[in-house]
$ cat model_11.txt   # compact mmCIF, C-alpha atoms
# COMPACT_ATOMS: atom_id res chain seq x y z
CA MET O 1272 19.62 31.74 33.52
CA ASN O 1273 16.35 29.94 33.95
CA ASN O 1274 14.49 32.20 31.59
CA ILE O 1275 16.42 30.79 28.60
CA TYR O 1276 14.80 27.41 29.27
CA LEU O 1277 11.48 29.00 30.11
CA TYR O 1278 11.21 31.09 26.95
CA SER O 1279 12.56 28.27 24.72
CA ILE O 1280 9.81 25.99 25.98
CA VAL O 1281 7.20 28.73 25.49
CA GLY O 1282 8.52 29.13 21.93
CA ALA O 1283 8.19 25.40 21.27
CA GLY O 1284 4.68 25.54 22.74
CA LEU O 1285 3.65 28.43 20.49
CA PHE O 1286 5.02 26.59 17.45
CA THR O 1287 2.99 23.52 18.36
CA LEU O 1288 -0.23 25.46 19.01
CA GLY O 1289 0.20 27.17 15.64
CA LEU O 1290 0.86 23.87 13.87
CA TYR O 1291 -2.22 22.30 15.43
CA ALA O 1292 -4.46 25.21 14.43
CA LEU O 1293 -2.91 25.39 10.95
CA ILE O 1294 -3.93 21.81 10.26
CA SER O 1295 -7.26 21.62 12.06
CA TYR O 1296 -9.01 24.84 10.96
CA ARG O 1297 -10.41 25.37 7.51
CA HIS O 1298 -10.82 29.14 7.53
CA LEU O 1299 -7.90 30.70 5.64
CA LEU O 1300 -7.66 33.78 7.88
CA ARG O 1301 -7.23 31.45 10.86
CA LYS O 1302 -4.48 29.60 9.02
CA ILE O 1303 -2.61 32.88 8.49
CA LEU O 1304 -2.93 33.66 12.23
CA ALA O 1305 -1.59 30.17 12.96
CA LEU O 1306 1.40 30.63 10.64
CA ASN O 1307 2.23 33.95 12.32
CA ILE O 1308 2.10 32.36 15.75
CA MET O 1309 4.33 29.49 14.58
CA GLY O 1310 6.78 32.11 13.33
CA SER O 1311 6.71 33.91 16.69
CA GLY O 1312 7.53 30.62 18.38
CA VAL O 1313 10.59 30.10 16.19
CA PHE O 1314 11.74 33.69 16.78
CA LEU O 1315 11.31 33.24 20.52
CA ILE O 1316 13.52 30.13 20.56
CA LEU O 1317 16.19 31.91 18.49
CA VAL O 1318 16.35 35.00 20.70
CA ALA O 1319 16.01 33.04 23.96
CA LEU O 1320 19.02 30.89 23.06
CA ALA O 1321 20.96 34.01 22.05
CA SER O 1322 20.40 35.75 25.38
CA GLY O 1323 22.83 35.39 28.24
CA GLU O 1324 25.62 37.51 29.70
CA THR O 1325 26.46 38.85 26.23
CA PRO O 1326 23.39 38.78 23.97
CA ASP O 1327 24.33 37.67 20.46
CA PRO O 1328 23.26 40.37 17.97
CA VAL O 1329 23.24 38.02 14.95
CA PRO O 1330 20.02 36.16 15.89
CA HIS O 1331 18.46 39.52 16.83
CA ALA O 1332 19.13 40.82 13.32
CA MET O 1333 17.83 37.56 11.83
CA VAL O 1334 14.61 37.85 13.81
CA ILE O 1335 14.09 41.47 12.68
CA THR O 1336 14.53 40.24 9.11
CA GLY O 1337 12.13 37.41 9.88
CA ILE O 1338 9.45 39.75 11.25
CA VAL O 1339 9.54 41.85 8.08
CA VAL O 1340 9.44 38.78 5.83
CA ALA O 1341 6.52 37.42 7.90
CA VAL O 1342 4.49 40.59 7.39
CA SER O 1343 5.23 40.53 3.63
CA ALA O 1344 4.14 36.91 3.38
CA SER O 1345 1.02 37.61 5.44
CA ALA O 1346 0.05 40.55 3.23
CA LEU O 1347 0.40 38.41 0.10
CA ALA O 1348 -1.52 35.57 1.75
CA LEU O 1349 -4.34 37.94 2.74
CA ALA O 1350 -4.58 39.21 -0.85
CA LEU O 1351 -4.80 35.57 -1.95
CA VAL O 1352 -7.59 34.92 0.59
CA LEU O 1353 -9.59 37.82 -0.86
CA ARG O 1354 -9.01 36.38 -4.29
CA VAL O 1355 -10.11 32.90 -3.22
CA GLN O 1356 -13.29 34.41 -1.79
CA ALA O 1357 -13.93 36.33 -5.01
CA GLU O 1358 -13.57 33.11 -7.02
CA THR O 1359 -15.35 30.59 -4.80
CA GLY O 1360 -17.52 32.73 -2.54
CA LYS O 1361 -15.86 31.32 0.56
CA ALA O 1362 -12.66 32.04 2.44
CA GLU O 1363 -12.35 28.46 3.54
CA LEU O 1364 -10.90 25.27 2.23
CA PRO O 1365 -13.51 22.72 1.15
CA GLU O 1366 -14.37 20.06 3.68
CA GLU O 1367 -12.61 16.80 3.10
CA SER O 1368 -13.05 13.56 4.94
CA LEU O 1369 -10.20 11.22 5.67
CA GLU O 1370 -12.32 8.12 5.21
CA MET S 904 17.41 38.86 48.72
CA ALA S 905 15.37 35.80 47.76
CA ALA S 906 12.47 38.02 46.74
CA MET S 907 14.75 40.00 44.43
CA THR S 908 15.73 36.90 42.49
CA LEU S 909 12.29 35.36 42.61
CA LEU S 910 10.42 38.36 41.22
CA PRO S 911 11.91 38.31 37.68
CA LEU S 912 11.32 34.56 37.47
CA LEU S 913 7.71 35.05 38.54
CA PHE S 914 7.28 37.78 35.94
CA ASP S 915 8.83 35.62 33.19
CA THR S 916 6.60 32.68 34.09
CA LEU S 917 3.52 34.90 34.04
CA LEU S 918 4.54 36.40 30.70
CA GLY S 919 5.21 32.97 29.17
CA LEU S 920 1.86 31.62 30.35
CA SER S 921 0.04 34.71 29.06
CA LEU S 922 1.69 34.25 25.65
CA ILE S 923 0.55 30.64 25.45
CA TRP S 924 -2.94 31.50 26.68
CA LEU S 925 -3.36 34.43 24.26
CA ALA S 926 -2.10 32.33 21.34
CA TRP S 927 -4.52 29.56 22.26
CA ARG S 928 -7.46 31.97 22.57
CA ALA S 929 -6.53 33.74 19.33
CA LEU S 930 -6.44 30.44 17.48
CA THR S 931 -9.57 28.88 18.94
CA SER S 932 -12.04 31.71 19.60
CA THR S 933 -15.07 31.31 17.36
CA ASP S 934 -15.31 34.98 16.40
CA LEU S 935 -12.62 35.97 13.90
CA PHE S 936 -12.68 39.62 14.95
CA GLN S 937 -12.00 38.60 18.54
CA ALA S 938 -9.25 36.26 17.32
CA ILE S 939 -7.47 39.10 15.52
CA VAL S 940 -7.70 41.49 18.48
CA LEU S 941 -6.26 38.76 20.70
CA PHE S 942 -3.50 38.24 18.14
CA ILE S 943 -2.62 41.96 18.35
CA ALA S 944 -2.48 41.69 22.15
CA PHE S 945 -0.25 38.64 21.67
CA GLY S 946 2.09 40.72 19.49
CA LEU S 947 2.35 43.40 22.17
CA LEU S 948 3.22 40.82 24.81
CA MET S 949 5.83 39.41 22.40
CA ALA S 950 7.37 42.89 22.27
CA LEU S 951 7.54 42.88 26.08
CA THR S 952 9.19 39.44 25.91
CA TRP S 953 11.87 40.76 23.54
CA VAL S 954 12.67 43.48 26.09
CA ARG S 955 12.98 40.81 28.81
CA LEU S 956 15.42 38.93 26.54
CA ASP S 957 17.63 42.03 26.03
CA ALA S 958 16.58 42.53 22.42
CA PRO S 959 15.19 46.09 22.27
CA ASP S 960 15.68 46.33 18.48
CA VAL S 961 13.49 43.27 17.99
CA ALA S 962 10.95 44.64 20.47
CA MET S 963 10.49 47.81 18.44
CA ALA S 964 10.15 45.89 15.18
CA GLU S 965 7.63 43.52 16.78
CA ALA S 966 5.50 46.30 18.31
CA ALA S 967 5.36 48.27 15.06
CA ILE S 968 5.19 45.46 12.49
CA GLY S 969 4.27 42.23 14.24
CA ALA S 970 1.45 43.68 16.33
CA GLY S 971 0.60 46.95 14.59
CA LEU S 972 0.80 46.46 10.84
CA THR S 973 -0.05 42.75 10.72
CA GLY S 974 -3.07 43.50 12.91
CA ALA S 975 -4.18 46.35 10.65
CA LEU S 976 -3.77 44.12 7.58
CA LEU S 977 -5.79 41.31 9.19
CA LEU S 978 -8.59 43.64 10.29
CA ALA S 979 -8.79 45.29 6.85
CA THR S 980 -9.00 41.87 5.17
CA LEU S 981 -11.65 40.69 7.62
CA ALA S 982 -13.75 43.80 6.87
CA ARG S 983 -13.48 43.13 3.14
CA LEU S 984 -14.32 39.45 3.58
CA LYS S 985 -17.41 40.33 5.59
CA ALA S 986 -18.49 43.01 3.11
CA ASN S 987 -18.47 40.47 0.28
CA ASN S 988 -19.92 37.54 2.14
CA LYS S 989 -23.17 37.51 4.06
CA THR S 990 -23.41 33.77 4.61
CA LYS S 991 -22.32 32.42 7.94
CA SER S 992 -19.28 30.21 7.75
CA ALA S 993 -19.58 26.58 8.75
CA PRO S 994 -18.56 25.68 12.29
CA GLU S 995 -14.91 24.90 12.67
CA LYS S 996 -13.60 21.45 13.23
CA LYS S 997 -13.55 20.20 16.78
CA PHE S 998 -10.80 18.50 18.71
CA SER S 999 -9.20 15.69 16.76
CA LEU S 1000 -7.48 12.84 18.55
CA LEU S 1001 -5.55 11.69 15.50
CA LEU S 1002 -4.03 15.11 14.97
CA THR S 1003 -3.06 15.34 18.63
CA LEU S 1004 -1.34 11.96 18.38
CA ILE S 1005 0.59 13.13 15.33
CA ILE S 1006 1.60 16.44 16.89
CA LEU S 1007 2.59 15.07 20.30
CA PRO S 1008 5.90 13.51 19.09
CA VAL S 1009 6.68 16.76 17.27
CA VAL S 1010 6.37 18.75 20.52
CA THR S 1011 8.34 16.25 22.52
CA GLY S 1012 11.09 16.17 19.93
CA LEU S 1013 11.16 19.94 19.68
CA VAL S 1014 11.38 20.49 23.44
CA TYR S 1015 14.05 17.79 23.74
CA VAL S 1016 16.18 19.29 20.97
CA VAL S 1017 15.87 22.82 22.34
CA LEU S 1018 16.77 21.74 25.86
CA THR S 1019 19.81 19.75 24.76
CA LEU S 1020 21.24 22.67 22.78
CA PRO S 1021 24.33 24.16 24.42
CA GLN S 1022 23.32 27.09 26.62
CA ASN S 1023 25.15 30.30 27.30
CA THR S 1024 27.49 30.03 24.36
CA PRO S 1025 28.64 33.47 23.27
CA GLY S 1026 27.90 32.55 19.64
CA LEU S 1027 29.10 35.25 17.31
CA ALA S 1028 28.76 38.03 19.92
CA ILE S 1029 32.52 38.24 20.54
CA LEU S 1030 33.36 38.29 16.85
CA VAL S 1031 30.79 41.02 16.25
CA ALA S 1032 32.12 43.11 19.13
CA GLU S 1033 35.76 42.76 18.04
CA ASN S 1034 35.14 44.01 14.50
CA LEU S 1035 32.57 46.67 15.40
CA LYS S 1036 35.08 49.47 14.75
CA THR S 1037 35.27 48.62 11.05
CA THR S 1038 31.51 48.74 10.48
CA GLY S 1039 30.95 52.49 10.81
CA VAL S 1040 28.21 52.08 13.44
CA THR S 1041 28.21 51.22 17.13
CA ASN S 1042 24.87 49.43 17.44
CA PRO S 1043 25.80 45.75 16.91
CA VAL S 1044 22.36 44.85 15.49
CA THR S 1045 22.60 47.58 12.84
CA ALA S 1046 26.15 46.44 12.10
CA VAL S 1047 24.91 42.88 11.49
CA LEU S 1048 21.93 44.02 9.41
CA LEU S 1049 23.68 46.53 7.19
CA ASN S 1050 27.30 45.44 7.15
CA TYR S 1051 28.16 41.88 8.22
CA ARG S 1052 25.07 40.31 6.74
CA GLY S 1053 24.13 42.85 4.10
CA TYR S 1054 22.96 40.08 1.77
CA ASP S 1055 20.13 39.13 4.16
CA THR S 1056 18.88 42.68 4.38
CA LEU S 1057 19.18 43.33 0.65
CA LEU S 1058 17.21 40.19 -0.15
CA GLU S 1059 14.71 41.03 2.57
CA LEU S 1060 13.99 44.35 0.86
CA ALA S 1061 13.58 42.35 -2.35
CA VAL S 1062 11.09 40.01 -0.60
CA LEU S 1063 9.06 43.02 0.51
CA LEU S 1064 9.01 44.29 -3.06
CA VAL S 1065 8.07 40.88 -4.50
CA ALA S 1066 5.20 40.56 -2.00
CA LEU S 1067 3.89 43.93 -3.17
CA LEU S 1068 4.22 42.86 -6.82
CA GLY S 1069 2.24 39.73 -5.95
CA VAL S 1070 -0.51 41.80 -4.35
CA TRP S 1071 -0.53 44.22 -7.29
CA SER S 1072 -0.80 41.35 -9.77
CA PHE S 1073 -4.33 40.69 -8.45
CA GLY S 1074 -5.41 44.00 -9.91
CA GLY S 1075 -6.49 47.33 -8.55
CA VAL S 1076 -7.55 48.49 -5.12
CA PRO S 1077 -10.31 46.04 -4.11
CA LYS S 1078 -12.82 48.46 -2.64
CA PRO S 1079 -12.36 51.98 -1.43
CA HIS S 1080 -12.45 52.16 2.35
CA GLU S 1081 -15.59 53.71 3.68
CA ALA S 1082 -13.92 57.02 4.37
CA TYR S 1083 -14.84 57.99 7.86
CA SER S 1084 -12.99 61.15 8.50
CA GLY S 1085 -14.78 63.17 11.09
CA PRO S 1086 -13.28 66.37 12.43
CA VAL S 1087 -11.64 64.59 15.38
CA LEU S 1088 -9.79 62.07 13.21
CA ASN S 1089 -8.79 64.85 10.82
CA MET S 1090 -7.40 67.01 13.60
CA LEU S 1091 -5.62 64.05 15.19
CA LEU S 1092 -4.02 63.15 11.86
CA ARG S 1093 -2.73 66.68 11.38
CA LEU S 1094 -0.97 66.37 14.73
CA LEU S 1095 0.11 62.75 14.40
CA ILE S 1096 1.50 62.56 10.87
CA PRO S 1097 4.29 65.13 11.33
CA LEU S 1098 5.11 63.55 14.69
CA LEU S 1099 5.31 60.07 13.13
CA ILE S 1100 7.56 61.35 10.36
CA MET S 1101 9.82 62.96 12.95
CA VAL S 1102 9.93 59.78 15.04
CA ALA S 1103 10.83 57.80 11.91
CA GLY S 1104 13.68 60.22 11.17
CA TYR S 1105 14.90 59.98 14.75
CA LEU S 1106 14.81 56.16 14.76
CA LEU S 1107 16.72 56.12 11.48
CA TRP S 1108 19.43 58.42 12.83
CA VAL S 1109 19.73 56.87 16.27
CA GLY S 1110 19.94 53.35 14.80
CA ALA S 1111 23.67 53.81 14.22
CA ASN S 1112 24.47 53.70 17.93
CA ALA S 1113 21.33 52.73 19.85
CA PRO S 1114 18.29 50.50 19.30
CA GLY S 1115 16.50 51.64 16.17
CA GLY S 1116 17.21 51.56 12.46
CA ALA S 1117 15.70 51.38 9.02
CA PHE S 1118 13.07 48.71 9.74
CA GLN S 1119 11.71 50.34 12.85
CA ALA S 1120 11.72 53.75 11.15
CA GLY S 1121 10.16 52.32 8.01
CA SER S 1122 7.35 50.68 9.94
CA VAL S 1123 6.56 53.95 11.74
CA LEU S 1124 6.33 55.63 8.32
CA GLY S 1125 4.16 52.74 7.16
CA ALA S 1126 1.86 53.28 10.14
CA ALA S 1127 1.54 56.95 9.16
CA GLY S 1128 0.56 55.81 5.66
CA VAL S 1129 -2.03 53.37 7.04
CA LEU S 1130 -3.58 56.14 9.16
CA LEU S 1131 -3.82 58.41 6.12
CA LEU S 1132 -5.45 55.64 4.08
CA LEU S 1133 -7.93 54.92 6.89
CA ALA S 1134 -8.94 58.58 6.92
CA GLY S 1135 -9.86 58.27 3.24
CA TRP S 1136 -6.79 60.01 1.91
CA GLN S 1137 -5.96 59.03 -1.67
CA LEU S 1138 -2.75 59.24 -3.59
CA SER S 1139 -3.00 61.75 -6.42
CA THR S 1140 -2.86 59.99 -9.78
CA ARG S 1141 0.10 62.17 -10.68
CA PHE S 1142 2.20 60.31 -8.12
CA ALA S 1143 0.57 56.89 -8.42
CA GLU S 1144 2.64 55.78 -11.39
CA LEU S 1145 6.32 56.54 -11.85
CA PRO S 1146 7.14 58.55 -8.68
CA LEU S 1147 5.57 55.86 -6.47
CA ARG S 1148 7.47 53.10 -8.22
CA ILE S 1149 10.78 54.95 -7.94
CA ILE S 1150 10.31 55.27 -4.16
CA LEU S 1151 9.28 51.61 -3.87
CA VAL S 1152 12.46 50.34 -5.53
CA SER S 1153 14.80 53.00 -4.10
CA GLY S 1154 15.79 50.83 -1.11
CA VAL S 1155 16.90 47.86 -3.21
CA VAL S 1156 18.52 50.08 -5.84
CA MET S 1157 20.47 52.17 -3.33
CA PHE S 1158 21.62 49.06 -1.47
CA THR S 1159 22.77 47.33 -4.66
CA MET S 1160 24.56 50.43 -5.92
CA ALA S 1161 26.33 50.93 -2.60
CA GLY S 1162 27.39 47.29 -2.82
CA ILE S 1163 28.72 47.61 -6.35
CA VAL S 1164 30.57 50.94 -6.00
CA PHE S 1165 33.58 49.48 -4.19
CA ILE S 1166 33.98 46.47 -6.48
CA VAL S 1167 36.10 48.69 -8.74
CA SER S 1168 38.61 49.16 -5.91
CA GLY S 1169 38.95 45.40 -5.57
CA ARG S 1170 36.49 44.75 -2.77
CA GLN S 1171 33.70 42.20 -2.52
CA PHE S 1172 30.04 42.93 -3.25
CA LEU S 1173 28.53 44.78 -0.24
CA GLU S 1174 31.92 45.32 1.38
CA TYR S 1175 32.52 48.94 2.40
CA PRO S 1176 35.85 50.45 3.43
CA PRO S 1177 35.68 51.32 7.16
CA SER S 1178 36.15 55.05 6.59
CA PHE S 1179 33.06 55.33 4.38
CA ALA S 1180 30.94 52.62 6.02
CA GLY S 1181 29.03 54.95 8.39
CA ALA S 1182 27.97 57.34 5.65
CA PHE S 1183 27.04 54.53 3.27
CA ILE S 1184 24.97 52.74 5.89
CA LEU S 1185 23.07 55.95 6.65
CA LEU S 1186 22.46 56.51 2.93
CA ILE S 1187 21.19 52.95 2.41
CA GLU S 1188 19.05 53.12 5.53
CA ALA S 1189 17.48 56.42 4.48
CA ALA S 1190 16.44 54.98 1.12
CA ALA S 1191 15.37 51.71 2.74
CA THR S 1192 13.25 53.51 5.39
CA LEU S 1193 11.37 55.38 2.69
CA SER S 1194 10.72 52.33 0.54
CA ILE S 1195 9.83 50.08 3.52
CA GLY S 1196 7.34 52.66 4.77
CA ILE S 1197 5.70 53.20 1.39
CA THR S 1198 5.70 49.45 0.62
CA LEU S 1199 3.97 48.62 3.91
CA ALA S 1200 1.33 51.29 3.31
CA ALA S 1201 0.86 50.00 -0.25
CA LEU S 1202 0.45 46.44 1.06
CA PHE S 1203 -2.26 47.75 3.38
CA LEU S 1204 -4.02 49.38 0.42
CA GLY S 1205 -4.14 45.90 -1.07
CA GLY S 1206 -3.98 46.64 -4.77
CA ARG S 1207 -2.41 48.74 -7.49
CA PRO S 1208 -3.31 52.39 -6.99
CA GLY S 1209 -4.71 54.15 -10.03
CA LEU S 1210 -6.34 50.95 -11.26
CA ARG S 1211 -9.94 50.14 -10.34
CA ARG S 1212 -10.83 46.50 -10.06
CA HIS S 1213 -13.78 45.57 -12.27
CA LYS S 1214 -16.93 44.26 -10.74

$ encode --input "model_11.txt" --output "structure tokens"
Amino acid sequence: MNNIYLYSIVGAGLFTLGLYALISYRHLLRKILALNIMGSGVFLILVALASGETPDPVPHAMVITGIVVAVSASALALALVLRVQAETGKAELPEESLE
Amino acid sequence: MAAMTLLPLLFDTLLGLSLIWLAWRALTSTDLFQAIVLFIAFGLLMALTWVRLDAPDVAMAEAAIGAGLTGALLLATLARLKANNKTKSAPEKKFSLLLTLIILPVVTGLVYVVLTLPQNTPGLAILVAENLKTTGVTNPVTAVLLNYRGYDTLLELAVLLVALLGVWSFGGVPKPHEAYSGPVLNMLLRLLIPLLIMVAGYLLWVGANAPGGAFQAGSVLGAAGVLLLLAGWQLSTRFAELPLRIILVSGVVMFTMAGIVFIVSGRQFLEYPPSFAGAFILLIEAAATLSIGITLAALFLGGRPGLRRHK
């Protein structure tokens, strides 16, 4: 079952890409995209590890729950982005320098 | 023979690489509209991946919610952001070495941990299969969602409701959609809406013994609601107050009541006797489908109906 390894690594990769984009971009919409992709990575690892000769239905059910919770959180976050724009005129975080 | 075993591996590799590439493009492309469209394509490929991993229930949820509804929500928000803001946003940050150095150990650790996890363990699959007779359904995923782990699903419905309350607390519907309902869209809707409702009913019914269930059915209903809203359809104010709210909470209420009913006969919360379990699960799922569908459509609307946001 090579595809368990394959998809687990893809999941870890997606999580990392999402984490990188979440930190490095300032636009809030992009951050929401990044969070969703991180979530997909976690789901992929869960389901990949559950597959095999007898797929385990418990992680499948957890991932379905996770997908619905992710869309709820995204909808709330998007409403917050609109609110941030209404208050500040921008849908971005202010620029900050580390120095 | 070698080709037969090599072909699936080739397909999986291609799919995995496409996922990574699409995610990367969606996260880095300079145009946000392009980024969202790529994200929707990413969701569809995720659905294909779930099928490859023998998880058809997850695939349906992903295609309808992960790709479809999240995409619609993102596009609607982007349109509203652009309508309110004419100024060009500042260029995004470029590659940062420091961040890469911080993230690199995280990746390495993550890959290491995932690869050292025990593979091919049956997990709870055997336990689920052994007790399937007592759950009232034959689809193991539905059994887990509605019977074994009813708490998760009940609280998930509550999360959906709380998210909607959060969105509603920002006030009324932000800005009416520019209703573009030409004759073609109108005609299409008249054909599609009854079909979508029928598909939702079918998914709900078939969920007891095949892939499907309340979430998949609810998201199809939600998609029907989104289509209606896009065509400029508005909820009559007669239904916008109490009737709407009753439907929104019906899933949580029905689930909780079904959980409480058998406490009098000495059972635990959310524990159903095997002889009634099938009927109860169908009842809960029917209420949940309706409230999931309406909640998702209401989330897309983005504000409390019947309340105009002030300028």

$ residues_around --input "model_11.txt" --residues "stretch 967-984 of chain S" --least-positions-apart "4" --cutoff "7 Å" --atoms "only C-alpha atoms" --output "tab-separated table (two decimals) with C-alpha atoms, keeping the file's coordinate frame"
chain	number	residue	atom	x	y	z
O	1338	ILE	CA	9.45	39.75	11.25
O	1342	VAL	CA	4.49	40.59	7.39
O	1346	ALA	CA	0.05	40.55	3.23
O	1349	LEU	CA	-4.34	37.94	2.74
O	1353	LEU	CA	-9.59	37.82	-0.86
S	939	ILE	CA	-7.47	39.10	15.52
S	943	ILE	CA	-2.62	41.96	18.35
S	946	GLY	CA	2.09	40.72	19.49
S	947	LEU	CA	2.35	43.40	22.17
S	963	MET	CA	10.49	47.81	18.44
S	988	ASN	CA	-19.92	37.54	2.14
S	1122	SER	CA	7.35	50.68	9.94
S	1123	VAL	CA	6.56	53.95	11.74
S	1126	ALA	CA	1.86	53.28	10.14
S	1203	PHE	CA	-2.26	47.75	3.38

$ closest_atom_pairs --input "model_11.txt" --of "chain O" --to "chain S" --cutoff "6 Å" --atoms "all atoms listed in the file" --output "CSV"
residue,atom,partner,partner_atom,distance
O:Val1281,CA,S:Gly919,CA,6.0
O:Gly1323,CA,S:Asn1023,CA,5.7
O:Asp1327,CA,S:Ala1028,CA,4.5
O:Pro1328,CA,S:Val1044,CA,5.2
O:Ala1332,CA,S:Val1044,CA,5.6
O:Ile1335,CA,S:Val961,CA,5.6
O:Ser1343,CA,S:Leu1063,CA,5.5
O:Leu1347,CA,S:Ala1066,CA,5.7
O:Ala1350,CA,S:Val1070,CA,6.0

$ atom_distance --input "model_11.txt" --atom1 "atom CA of S:Met1157" --atom2 "atom CA of S:Gly1169"
19.8 Å

$ axis_aligned_box --input "model_11.txt" --around "stretch 1120-1139 of chain S" --padding-each-side "8 Å" --output "AutoDock Vina command-line options"
--center_x 0.9 --center_y 56.2 --center_z 2.7 --size_x 37.6 --size_y 27.1 --size_z 34.2

$ atom_distance --input "model_11.txt" --atom1 "atom CA of O:Gly1289" --atom2 "atom CA of O:Ser1311"
9.4 Å

$ atom_distance --input "model_11.txt" --atom1 "atom CA of O:Val1329" --atom2 "atom CA of S:Gly1104"
24.5 Å

$ residues_around --input "model_11.txt" --residues "stretch 1182-1193 of chain S" --least-positions-apart "3" --cutoff "7 Å" --atoms "all atoms listed in the file" --output "JSON, numbers by chain"
{"S": [1049, 1117, 1118, 1120, 1121, 1150, 1153, 1154, 1157, 1158, 1161, 1179, 1196, 1197]}

$ closest_residue --input "model_11.txt" --among "S:Leu941, S:Lys1036, S:Pro1208, S:Leu1001" --to "S:Thr1140" --atoms "only C-alpha atoms"
S:Pro1208

$ residues_near_point --input "model_11.txt" --point "(0.0, 25.8, 18.6)" --cutoff "9 Å" --atoms "all atoms listed in the file" --output "MDAnalysis selection string"
(chainID O and resid 1283:1293 1305 1308:1309 1312) or (chainID S and resid 923 926:927 930)

$ closest_residue --input "model_11.txt" --among "O:Leu1299, O:Leu1277, O:Ala1319, O:Leu1304" --to "O:Pro1365" --atoms "all atoms listed in the file"
O:Leu1299
